[in-house]
Number of protein chains: 2
Amino acid sequence: MSDSPCNDPSRDRLLLAAVEIFAERGFRDATVREICAKAEVNAASVNYYFGGKEKLYAEALAFALCQANQRYPLGDALNLGLPAEQRLIAFIQVFLHKLMDNTALGHHGKLIAREIADPTSALDGIINTAIAPQFAMLKEVIPSLVGPGWSESDIYRCILSIVGQCLMYKHSRSVVDRICPNVIASPDEINSTADHIAKFSLAALNHLRIERTQT
Amino acid sequence: MSDSPCNDPSRDRLLLAAVEIFAERGFRDATVREICAKAEVNAASVNYYFGGKEKLYAEALAFALCQANQRYPLGDALNLGLPAEQRLIAFIQVFLHKLMDNTALGHHGKLIAREIADPTSALDGIINTAIAPQFAMLKEVIPSLVGPGWSESDIYRCILSIVGQCLMYKHSRSVVDRICPNVIASPDEINSTADHIAKFSLAALNHLRIERTQT
DNA sequence: ACATGTTTAAAACAACTGTTTGAAATTAAC
DNA sequence: GTTAATTTCAAACAGTTGTTTTAAACATGT
């Protein structure tokens, strides 16, 4: 249902407006009146179509997530036939570009960032659907790059080091925009940033492998 | 004024309660009534002592920041007499431990994370006071590690890669707690995480230097 | 055309929220 | 002890908010 708009123009407009306003303002600050004004429907529509503000939020979140994953599929990162290094590079490219998407779709990232920062009951679903698969993929890939003999916690630390670099540009966007906006100022710069993260990460992982081999 | 409590018990209790409730709930969701209940003062006190909710927020933020920096001074990271590598390690240690502080002081990090995610007029002040000095310090240190010839943007990307790794454990704490809580489950694990981030980052920077030297 | 179901709308409702008000209580100064 | 200043309080205020209510308007089916 929430993965594609049904033939219901009012409901659709409401859902799209909700994604945007919830992303901008968060759940609490977003008002039903503002969302309805943006969607050009009456305030009663929220209860009519979604049963209330909370359910609207849950559906907006699920919808945004689904749209984002369709536009930015993991693709090569999931291809077992490719070397681990290429899979990691592919992941970083997709992930960062998804985070940096500033079209209407970009609201999804803000919505998820808010959910992560202030979890509602929806977070567990998001983790299962969107985040755990990424971690699982990275958990396949990282041992191939860093070599055997690392604890599970160390593998996770490597994963978090990579993911954390990408999320920096989304979660702390306000800081990046004030201190060094050039690093993500254009598509070329975003590509350079993705390249940098890939290089930085591969270098680190490679070094950890060598270091472990020598001990 | 806001860097140390004045001799005014009601005002102090109010400020401390505000730090906590604003950290937990954010500005909008935190109510004056809840803060005053926690502080055991009357709701009119907010206007009496601080002139209103917004000013209370601004002072709570400034106070929390000041307290955090006093407890976690940059110390060795600022010591020009130490090698760059050691300075970077010191920075990562201090920064991560500050972020992972789960005493009452830990509210500061949540407050700042919220401000970064949803900037108010206070953000610029915070950047000047707390974030820009860190970036300036790292901007001194990184070129010594990565070698000459890198663009300013590349230096910033390195800085963001390091800071982003640390912030992962704070900004995405809800995810870490659900997927791999062990990595920061105890003081020892936090130390291991700080060591990991330092190793990961130094390895990457070292590799970038070698790579640039060979081209 | 009529009956039924769905959608839309405006108004009302009940609760919440930061702020103000006026006065009592407390403290400080002489 | 008296006066003045400060602090605290409960109630009121004005605005906001999600939800409900009721009925009109619209769409569908026969």
# chains A, B, ... in the order shown; residues from 1 in each chain; ligands from 1
call {"tool": "interface_residues", "arguments": {"of": "chain D", "to": "chain B", "cutoff": "12 Å", "atoms": "only C-alpha atoms (C1' of nucleotides)", "output": "list in words"}}
result
DT6, DT7, DT8, DC9, DA10 and DA11 of chain D
call {"tool": "interface_residues", "arguments": {"of": "chain B", "to": "chain C", "cutoff": "8 Å", "atoms": "only C-alpha atoms (C1' of nucleotides)", "output": "short mmCIF file (atom, residue, chain, number, x, y, z; two decimals) with C-alpha atoms, in the first residue's frame"}}
result
data_model
loop_
_atom_site.label_atom_id
_atom_site.label_comp_id
_atom_site.auth_asym_id
_atom_site.auth_seq_id
_atom_site.Cartn_x
_atom_site.Cartn_y
_atom_site.Cartn_z
CA THR B 31 7.58 21.94 28.15
CA VAL B 32 8.12 24.71 30.63
CA ASN B 47 10.17 34.21 32.74
CA GLY B 52 11.23 32.96 28.62
CA LYS B 53 11.65 29.50 27.20
#
call {"tool": "select_by_dssp", "arguments": {"residues": "segment 83-167 of chain B", "states": "helix (DSSP H, G or I)", "output": "PyMOL selection string"}}
result
chain B and resi 84-100+104-117+122-146+152-167
call {"tool": "closest_atom_pairs", "arguments": {"of": "chain A", "to": "chain B", "cutoff": "8 Å", "atoms": "only C-alpha atoms", "output": "CSV"}}
result
residue,atom,partner,partner_atom,distance
A:Arg28,CA,B:Asp29,CA,6.7
A:Asp29,CA,B:Arg28,CA,6.7
A:Ile116,CA,B:Ser174,CA,6.0
A:Ala117,CA,B:His171,CA,6.3
A:Pro119,CA,B:Ser174,CA,7.2
A:Ile127,CA,B:Val175,CA,7.4
A:Ala132,CA,B:Ile179,CA,7.6
A:Ser153,CA,B:Val183,CA,5.6
A:Asp154,CA,B:Val183,CA,7.9
A:Tyr156,CA,B:Cys180,CA,6.9
A:Arg157,CA,B:Thr193,CA,6.9
A:Leu160,CA,B:Met168,CA,6.8
A:Ser161,CA,B:Gln165,CA,4.8
A:Ile162,CA,B:Gln165,CA,7.4
A:Val163,CA,B:Met168,CA,7.8
A:Gly164,CA,B:Gln165,CA,4.7
A:Gln165,CA,B:Gly164,CA,4.7
A:Cys166,CA,B:Gly164,CA,7.5
A:Leu167,CA,B:Gly164,CA,7.0
A:Met168,CA,B:Gly164,CA,4.8
A:His171,CA,B:Ala117,CA,6.3
A:Ser172,CA,B:Ile116,CA,6.0
A:Arg173,CA,B:Ala117,CA,7.7
A:Ser174,CA,B:Ile116,CA,6.0
A:Val175,CA,B:Ile116,CA,6.8
A:Ile179,CA,B:Ala132,CA,7.6
A:Cys180,CA,B:Tyr156,CA,6.9
A:Asn182,CA,B:Ser153,CA,6.7
A:Val183,CA,B:Ser153,CA,5.6
A:Thr193,CA,B:Arg157,CA,6.9
A:His196,CA,B:Arg157,CA,7.2
A:Ile197,CA,B:Ser161,CA,7.1
A:Lys199,CA,B:Ala204,CA,7.8
A:Phe200,CA,B:Ala204,CA,5.0
A:Ser201,CA,B:Ala204,CA,6.7
A:Leu202,CA,B:Ala204,CA,7.8
A:Ala203,CA,B:Ala204,CA,5.0
A:Ala204,CA,B:Ala204,CA,4.6
A:Leu205,CA,B:Phe200,CA,7.3
A:His207,CA,B:Ala203,CA,6.0
A:Leu208,CA,B:Phe200,CA,7.5
call {"tool": "atom_distance", "arguments": {"atom1": "atom CA of Cys36 of chain B", "atom2": "atom CA of Ala17 of chain B"}}
result
7.6 Å
call {"tool": "atom_distance", "arguments": {"atom1": "atom CA of Ala84 of chain B", "atom2": "atom CA of Asp177 of chain A"}}
result
26.7 Å
call {"tool": "residues_around", "arguments": {"residues": "Leu80 of chain A", "least_positions_apart": "3", "cutoff": "12 Å", "atoms": "only C-alpha atoms (C1' of nucleotides)", "output": "JSON, numbers by chain"}}
result
{"A": [75, 76, 77, 83, 84, 85, 86, 87, 88, 137, 138, 140, 141, 144]}
call {"tool": "decode", "arguments": {"residues": "segment 28-63 of chain A", "atoms": "N, CA, C and O atoms", "output": "short mmCIF file (atom, residue, chain, number, x, y, z; two decimals), in the first residue's frame"}}
result
data_model
loop_
_atom_site.label_atom_id
_atom_site.label_comp_id
_atom_site.auth_asym_id
_atom_site.auth_seq_id
_atom_site.Cartn_x
_atom_site.Cartn_y
_atom_site.Cartn_z
N ARG A 28 6.92 16.23 16.07
CA ARG A 28 6.20 17.10 17.00
C ARG A 28 5.92 18.49 16.44
O ARG A 28 4.84 19.04 16.62
N ASP A 29 6.92 19.06 15.80
CA ASP A 29 6.80 20.42 15.30
C ASP A 29 5.96 20.53 14.03
O ASP A 29 5.45 21.58 13.70
N ALA A 30 5.88 19.42 13.33
CA ALA A 30 5.04 19.41 12.14
C ALA A 30 3.57 19.40 12.56
O ALA A 30 3.19 18.60 13.40
N THR A 31 2.78 20.30 12.04
CA THR A 31 1.38 20.31 12.44
C THR A 31 0.51 19.74 11.32
O THR A 31 0.81 19.87 10.12
N VAL A 32 -0.56 19.12 11.74
CA VAL A 32 -1.54 18.58 10.81
C VAL A 32 -2.04 19.70 9.89
O VAL A 32 -2.21 19.50 8.68
N ARG A 33 -2.23 20.87 10.44
CA ARG A 33 -2.71 21.99 9.62
C ARG A 33 -1.73 22.40 8.54
O ARG A 33 -2.13 22.70 7.41
N GLU A 34 -0.44 22.37 8.88
CA GLU A 34 0.53 22.75 7.87
C GLU A 34 0.62 21.71 6.76
O GLU A 34 0.70 22.04 5.58
N ILE A 35 0.61 20.45 7.15
CA ILE A 35 0.68 19.37 6.17
C ILE A 35 -0.54 19.44 5.25
O ILE A 35 -0.43 19.33 4.02
N CYS A 36 -1.71 19.65 5.84
CA CYS A 36 -2.94 19.70 5.04
C CYS A 36 -2.97 20.92 4.14
O CYS A 36 -3.46 20.84 3.01
N ALA A 37 -2.43 22.01 4.62
CA ALA A 37 -2.37 23.21 3.78
C ALA A 37 -1.50 22.95 2.56
O ALA A 37 -1.85 23.28 1.44
N LYS A 38 -0.35 22.31 2.79
CA LYS A 38 0.55 22.01 1.70
C LYS A 38 -0.09 21.05 0.70
O LYS A 38 0.12 21.14 -0.52
N ALA A 39 -0.87 20.11 1.21
CA ALA A 39 -1.51 19.12 0.35
C ALA A 39 -2.83 19.63 -0.22
O ALA A 39 -3.45 18.96 -1.04
N GLU A 40 -3.25 20.78 0.24
CA GLU A 40 -4.54 21.36 -0.19
C GLU A 40 -5.70 20.43 0.08
O GLU A 40 -6.53 20.15 -0.79
N VAL A 41 -5.72 19.91 1.29
CA VAL A 41 -6.86 19.11 1.74
C VAL A 41 -7.29 19.65 3.10
O VAL A 41 -6.59 20.41 3.74
N ASN A 42 -8.43 19.17 3.54
CA ASN A 42 -8.93 19.62 4.83
C ASN A 42 -8.30 18.83 5.98
O ASN A 42 -7.94 17.66 5.80
N ALA A 43 -8.17 19.44 7.12
CA ALA A 43 -7.51 18.80 8.26
C ALA A 43 -8.13 17.46 8.64
O ALA A 43 -7.46 16.58 9.16
N ALA A 44 -9.41 17.31 8.41
CA ALA A 44 -10.06 16.05 8.77
C ALA A 44 -9.55 14.88 7.93
O ALA A 44 -9.73 13.72 8.29
N SER A 45 -8.90 15.20 6.83
CA SER A 45 -8.42 14.13 5.95
C SER A 45 -7.38 13.24 6.61
O SER A 45 -7.22 12.07 6.25
N VAL A 46 -6.62 13.81 7.54
CA VAL A 46 -5.58 13.02 8.20
C VAL A 46 -6.22 11.83 8.91
O VAL A 46 -5.78 10.69 8.79
N ASN A 47 -7.28 12.12 9.64
CA ASN A 47 -7.96 11.02 10.32
C ASN A 47 -8.71 10.13 9.35
O ASN A 47 -8.74 8.92 9.51
N TYR A 48 -9.28 10.76 8.32
CA TYR A 48 -10.04 9.96 7.35
C TYR A 48 -9.17 8.94 6.64
O TYR A 48 -9.50 7.76 6.53
N TYR A 49 -8.01 9.38 6.13
CA TYR A 49 -7.17 8.50 5.33
C TYR A 49 -6.15 7.71 6.12
O TYR A 49 -5.75 6.61 5.73
N PHE A 50 -5.69 8.29 7.22
CA PHE A 50 -4.59 7.63 7.93
C PHE A 50 -4.89 7.31 9.39
O PHE A 50 -4.08 6.71 10.06
N GLY A 51 -6.03 7.72 9.86
CA GLY A 51 -6.38 7.41 11.24
C GLY A 51 -5.75 8.34 12.26
O GLY A 51 -5.95 8.16 13.45
N GLY A 52 -4.95 9.31 11.81
CA GLY A 52 -4.37 10.25 12.75
C GLY A 52 -2.94 10.58 12.40
O GLY A 52 -2.35 10.00 11.49
N LYS A 53 -2.39 11.51 13.14
CA LYS A 53 -1.06 12.03 12.84
C LYS A 53 0.02 10.96 12.97
O LYS A 53 0.95 10.91 12.15
N GLU A 54 -0.10 10.13 13.98
CA GLU A 54 0.96 9.14 14.21
C GLU A 54 1.05 8.13 13.08
O GLU A 54 2.13 7.77 12.62
N LYS A 55 -0.13 7.67 12.66
CA LYS A 55 -0.13 6.70 11.56
C LYS A 55 0.35 7.34 10.28
O LYS A 55 1.03 6.71 9.47
N LEU A 56 0.00 8.62 10.09
CA LEU A 56 0.50 9.34 8.91
C LEU A 56 2.02 9.37 8.93
O LEU A 56 2.67 9.14 7.91
N TYR A 57 2.57 9.63 10.09
CA TYR A 57 4.04 9.66 10.21
C TYR A 57 4.64 8.31 9.85
O TYR A 57 5.60 8.22 9.08
N ALA A 58 4.07 7.25 10.40
CA ALA A 58 4.60 5.92 10.13
C ALA A 58 4.55 5.61 8.64
O ALA A 58 5.51 5.06 8.08
N GLU A 59 3.47 5.97 8.00
CA GLU A 59 3.35 5.68 6.57
C GLU A 59 4.26 6.57 5.74
O GLU A 59 4.85 6.14 4.74
N ALA A 60 4.42 7.82 6.16
CA ALA A 60 5.34 8.71 5.46
C ALA A 60 6.76 8.16 5.52
O ALA A 60 7.49 8.15 4.51
N LEU A 61 7.14 7.68 6.66
CA LEU A 61 8.47 7.12 6.86
C LEU A 61 8.67 5.89 5.97
O LEU A 61 9.66 5.78 5.24
N ALA A 62 7.72 4.99 6.01
CA ALA A 62 7.84 3.78 5.21
C ALA A 62 7.89 4.10 3.72
O ALA A 62 8.67 3.53 2.96
N PHE A 63 7.06 5.05 3.33
CA PHE A 63 7.02 5.43 1.91
C PHE A 63 8.35 6.04 1.47
O PHE A 63 8.91 5.69 0.43
#
